[in-house]
Amino acid sequence: MLALAALPLSGGCGGKRSATTDPQAEAVNQKFSKQDKDKKMTAADKARLRYIEGRQICAQSNYAGAIPYFKEAVKIAEKAEYYLDLGRCYHLIGRYGDALRAYARAEELGGGDDDETRASLQANIGDVFQQREDAAEALRYYYAAISLVPDYARAHYEIGNLLLKEGKYAESVARLSRSLTIDPAMNKARLSRAIAYRMTKQYELAYRDLQDLDQRGFAVQSDLEREILAGISN
């Protein structure tokens with residue numbers, strides 16, 4: 001079977017907004033600028049400043065460089081969102097054990113301020129287990145993410161992709177279709193669904209997905225297209 005692509009991690013640096021466009025971050029930075037002069041920052045302010053600095057470094061894909069800032073933030077004031085971004089950076093540089101420990105602490109602290117953040121945490125834990133090739137644990141966490149946010153497109157995609165790898169094609173198509181209903185622009189989910197259709201010899205449906213991908217400018221391996229066209233002609 002063709003190699004399947006993975007989507008980026010969720011809930012990472014910058015949270016729901018870019019670290020450079022977050023209005024709250026700008027307000028905090030302005031506050032810190034004044035307080036630095038007066039030397040009156042609280043511990044919570046210092047932790048928030050380190051966290052924002054870490055997000056800005058992480059947003060530049062310098063994950064190793066962001067880690068010391070997140071570690072300093074949680075040392076000053078523990079918050080789930082700080083551990084979430086710390087865990088994400090550990091994951092992205094391949095330190096999976098450290099990532100799981102950071103995520104576990106985030107869970108102990110409640111997982112975040114809202115269901116979206118808590119769902120991102122569950123999905124990110126699932127990503128670590130998927131990287132470790134522990135599909136059963138990965139699925140457990142992706143399902144947990146969906147239980148918090150039923151329309152979490154990426155979690156549906158990850159479940160569908162894992163089911164595809166396990167040869168559960170009908171279940172995979174259902175899950176991938178759900179992700180595409182939520183987010184029609186999720187090209188990798190459409191590619192995975194085309195592969196699932198191909199594996200069940202539903203070549204016309206597979207080719208329809210390939211056509212959609214072509215219209216979106218998404219490159220598809222030529223051998224997959226040849227296999228699907230051969231299936232249609234037979």
# chains A, B, ... in the order shown; residues from 1 in each chain; ligands from 1
$ residues_around --residues "stretch 99-115 of chain A" --least-positions-apart "6" --cutoff "6 Å" --atoms "only C-alpha atoms" --output "ChimeraX atom specification"
/A:80-81,83-84,87,90-91,148
$ residues_around --residues "A:Lys46" --least-positions-apart "2" --cutoff "10 Å" --atoms "only C-alpha atoms" --output "JSON list (two decimals) with N, CA and C atoms, in the first residue's frame"
[["chain", "number", "residue", "atom", "x", "y", "z"],
["A", 32, "PHE", "N", 4.04, 44.14, 30.09],
["A", 32, "PHE", "CA", 5.36, 43.77, 30.58],
["A", 32, "PHE", "C", 6.38, 44.87, 30.27],
["A", 36, "ASP", "N", 8.49, 46.08, 33.31],
["A", 36, "ASP", "CA", 9.93, 45.84, 33.35],
["A", 36, "ASP", "C", 10.66, 47.07, 33.87],
["A", 40, "LYS", "N", 8.07, 45.50, 38.71],
["A", 40, "LYS", "CA", 6.95, 45.10, 39.56],
["A", 40, "LYS", "C", 6.18, 43.91, 38.98],
["A", 41, "MET", "N", 6.80, 43.12, 38.16],
["A", 41, "MET", "CA", 6.09, 41.98, 37.58],
["A", 41, "MET", "C", 5.79, 40.94, 38.66],
["A", 42, "THR", "N", 4.57, 40.40, 38.60],
["A", 42, "THR", "CA", 4.21, 39.30, 39.49],
["A", 42, "THR", "C", 4.79, 38.00, 38.92],
["A", 43, "ALA", "N", 4.75, 36.93, 39.75],
["A", 43, "ALA", "CA", 5.24, 35.63, 39.27],
["A", 43, "ALA", "C", 4.42, 35.16, 38.08],
["A", 44, "ALA", "N", 3.09, 35.39, 38.15],
["A", 44, "ALA", "CA", 2.23, 34.98, 37.04],
["A", 44, "ALA", "C", 2.58, 35.73, 35.77],
["A", 48, "ARG", "N", 3.93, 34.17, 32.26],
["A", 48, "ARG", "CA", 3.24, 34.45, 31.00],
["A", 48, "ARG", "C", 4.20, 35.03, 29.97],
["A", 49, "LEU", "N", 5.10, 35.87, 30.42],
["A", 49, "LEU", "CA", 6.08, 36.46, 29.50],
["A", 49, "LEU", "C", 6.98, 35.38, 28.91],
["A", 50, "ARG", "N", 7.49, 34.49, 29.77],
["A", 50, "ARG", "CA", 8.33, 33.40, 29.26],
["A", 50, "ARG", "C", 7.56, 32.53, 28.27],
["A", 51, "TYR", "N", 6.28, 32.29, 28.59],
["A", 51, "TYR", "CA", 5.45, 31.46, 27.72],
["A", 51, "TYR", "C", 5.26, 32.12, 26.36],
["A", 52, "ILE", "N", 4.97, 33.40, 26.34],
["A", 52, "ILE", "CA", 4.77, 34.12, 25.08],
["A", 52, "ILE", "C", 6.06, 34.12, 24.27],
["A", 72, "GLU", "N", 10.85, 27.29, 31.86],
["A", 72, "GLU", "CA", 10.92, 28.36, 32.86],
["A", 72, "GLU", "C", 9.52, 28.81, 33.26],
["A", 73, "ALA", "N", 8.61, 28.88, 32.27],
["A", 73, "ALA", "CA", 7.23, 29.30, 32.57],
["A", 73, "ALA", "C", 6.58, 28.35, 33.56],
["A", 76, "ILE", "N", 7.82, 28.63, 37.12],
["A", 76, "ILE", "CA", 7.32, 29.79, 37.86],
["A", 76, "ILE", "C", 5.85, 29.61, 38.23],
["A", 77, "ALA", "N", 5.03, 29.19, 37.26],
["A", 77, "ALA", "CA", 3.59, 29.05, 37.49],
["A", 77, "ALA", "C", 3.06, 27.95, 36.57]]
$ atom_distance --atom1 "atom CA of A:Leu121" --atom2 "atom CA of A:Glu137"
14.1 Å
$ closest_residue --among "A:Val149, A:Gly94, A:Ser61, A:Gln131" --to "A:Arg118" --atoms "only C-alpha atoms"
A:Val149
$ select_by_dssp --residues "chain A" --states "alpha helix (DSSP H)" --output "count of residues only"
168
$ closest_residue --among "A:Ala153, A:Ala47, A:Leu176, A:Ala194" --to "A:Glu78" --atoms "only C-alpha atoms"
A:Ala47
$ closest_residue --among "A:Asp214, A:Asp183, A:Asp151, A:Glu171" --to "A:Tyr197" --atoms "only C-alpha atoms"
A:Glu171
$ residues_around --residues "stretch 62-70 of chain A" --least-positions-apart "5" --cutoff "8 Å" --atoms "only C-alpha atoms" --output "PyMOL selection string"
chain A and resi 50-51+53-55+57+82-83+85-86+89-90+92-93
$ residues_around --residues "A:Arg208" --least-positions-apart "4" --cutoff "12 Å" --atoms "only C-alpha atoms" --output "PyMOL selection string"
chain A and resi 190-191+193-195+197-198+202-204+212-215+225+228-229+232
$ residues_around --residues "A:Ala123" --least-positions-apart "4" --cutoff "10 Å" --atoms "only C-alpha atoms" --output "list of chain:residue names"
A:Leu9, A:Ser10, A:Gly11, A:Thr117, A:Arg118, A:Ala119, A:Asp127, A:Val128, A:Phe129, A:Ala138, A:Leu139, A:Arg140, A:Tyr141, A:Tyr142, A:Tyr143, A:Ala144, A:Ala145, A:Ile146, A:Tyr152, A:Arg154, A:Ala155, A:Glu158
$ decode --residues "stretch 129-165 of chain A" --atoms "N, CA and C atoms" --output "short mmCIF file (atom, residue, chain, number, x, y, z; two decimals), in the first residue's frame"
data_model
loop_
_atom_site.label_atom_id
_atom_site.label_comp_id
_atom_site.auth_asym_id
_atom_site.auth_seq_id
_atom_site.Cartn_x
_atom_site.Cartn_y
_atom_site.Cartn_z
N PHE A 129 1.73 8.42 20.60
CA PHE A 129 1.58 6.96 20.53
C PHE A 129 1.58 6.47 19.09
N GLN A 130 1.03 7.27 18.18
CA GLN A 130 1.09 6.87 16.77
C GLN A 130 2.54 6.87 16.28
N GLN A 131 3.32 7.85 16.73
CA GLN A 131 4.73 7.89 16.36
C GLN A 131 5.46 6.67 16.90
N ARG A 132 5.02 6.20 18.05
CA ARG A 132 5.62 5.01 18.66
C ARG A 132 5.03 3.71 18.11
N GLU A 133 4.16 3.84 17.12
CA GLU A 133 3.53 2.69 16.47
C GLU A 133 2.66 1.89 17.42
N ASP A 134 2.04 2.58 18.37
CA ASP A 134 1.08 1.96 19.28
C ASP A 134 -0.30 2.45 18.85
N ALA A 135 -0.86 1.78 17.83
CA ALA A 135 -2.11 2.24 17.23
C ALA A 135 -3.27 2.20 18.23
N ALA A 136 -3.31 1.18 19.08
CA ALA A 136 -4.43 1.05 20.01
C ALA A 136 -4.49 2.23 20.97
N GLU A 137 -3.35 2.62 21.51
CA GLU A 137 -3.33 3.77 22.42
C GLU A 137 -3.61 5.06 21.67
N ALA A 138 -3.06 5.18 20.47
CA ALA A 138 -3.31 6.38 19.67
C ALA A 138 -4.81 6.54 19.41
N LEU A 139 -5.46 5.47 19.02
CA LEU A 139 -6.90 5.53 18.76
C LEU A 139 -7.67 5.92 20.01
N ARG A 140 -7.26 5.40 21.13
CA ARG A 140 -7.97 5.72 22.39
C ARG A 140 -7.96 7.22 22.65
N TYR A 141 -6.84 7.85 22.41
CA TYR A 141 -6.75 9.29 22.67
C TYR A 141 -7.46 10.11 21.59
N TYR A 142 -7.43 9.66 20.34
CA TYR A 142 -8.16 10.39 19.30
C TYR A 142 -9.66 10.32 19.55
N TYR A 143 -10.13 9.16 19.99
CA TYR A 143 -11.56 9.05 20.33
C TYR A 143 -11.89 9.95 21.53
N ALA A 144 -10.96 10.06 22.47
CA ALA A 144 -11.18 10.95 23.62
C ALA A 144 -11.29 12.40 23.15
N ALA A 145 -10.48 12.76 22.17
CA ALA A 145 -10.55 14.13 21.64
C ALA A 145 -11.91 14.39 21.02
N ILE A 146 -12.43 13.42 20.28
CA ILE A 146 -13.73 13.58 19.63
C ILE A 146 -14.86 13.62 20.65
N SER A 147 -14.69 12.91 21.77
CA SER A 147 -15.72 12.96 22.80
C SER A 147 -15.84 14.37 23.39
N LEU A 148 -14.76 15.13 23.34
CA LEU A 148 -14.77 16.51 23.83
C LEU A 148 -15.25 17.48 22.75
N VAL A 149 -14.79 17.27 21.53
CA VAL A 149 -15.17 18.13 20.40
C VAL A 149 -15.58 17.21 19.24
N PRO A 150 -16.87 16.90 19.11
CA PRO A 150 -17.32 15.94 18.11
C PRO A 150 -16.94 16.31 16.67
N ASP A 151 -16.80 17.58 16.37
CA ASP A 151 -16.44 18.01 15.02
C ASP A 151 -14.96 18.32 14.88
N TYR A 152 -14.13 17.55 15.54
CA TYR A 152 -12.69 17.75 15.48
C TYR A 152 -12.18 17.01 14.24
N ALA A 153 -12.03 17.75 13.15
CA ALA A 153 -11.73 17.14 11.85
C ALA A 153 -10.43 16.34 11.86
N ARG A 154 -9.38 16.90 12.46
CA ARG A 154 -8.09 16.20 12.43
C ARG A 154 -8.16 14.87 13.18
N ALA A 155 -8.87 14.83 14.30
CA ALA A 155 -8.97 13.58 15.05
C ALA A 155 -9.71 12.52 14.23
N HIS A 156 -10.77 12.93 13.53
CA HIS A 156 -11.47 11.99 12.65
C HIS A 156 -10.53 11.48 11.57
N TYR A 157 -9.73 12.39 11.01
CA TYR A 157 -8.77 11.99 9.98
C TYR A 157 -7.77 10.96 10.53
N GLU A 158 -7.20 11.25 11.69
CA GLU A 158 -6.19 10.35 12.25
C GLU A 158 -6.78 8.97 12.52
N ILE A 159 -8.02 8.92 13.02
CA ILE A 159 -8.67 7.63 13.24
C ILE A 159 -8.86 6.91 11.91
N GLY A 160 -9.36 7.64 10.91
CA GLY A 160 -9.57 7.04 9.61
C GLY A 160 -8.29 6.52 9.00
N ASN A 161 -7.21 7.26 9.18
CA ASN A 161 -5.92 6.85 8.62
C ASN A 161 -5.40 5.58 9.31
N LEU A 162 -5.55 5.51 10.63
CA LEU A 162 -5.12 4.32 11.36
C LEU A 162 -5.97 3.11 10.98
N LEU A 163 -7.27 3.32 10.83
CA LEU A 163 -8.14 2.21 10.40
C LEU A 163 -7.76 1.73 9.00
N LEU A 164 -7.37 2.65 8.15
CA LEU A 164 -6.93 2.28 6.81
C LEU A 164 -5.68 1.41 6.88
N LYS A 165 -4.74 1.79 7.72
CA LYS A 165 -3.52 1.00 7.87
C LYS A 165 -3.80 -0.39 8.42
#
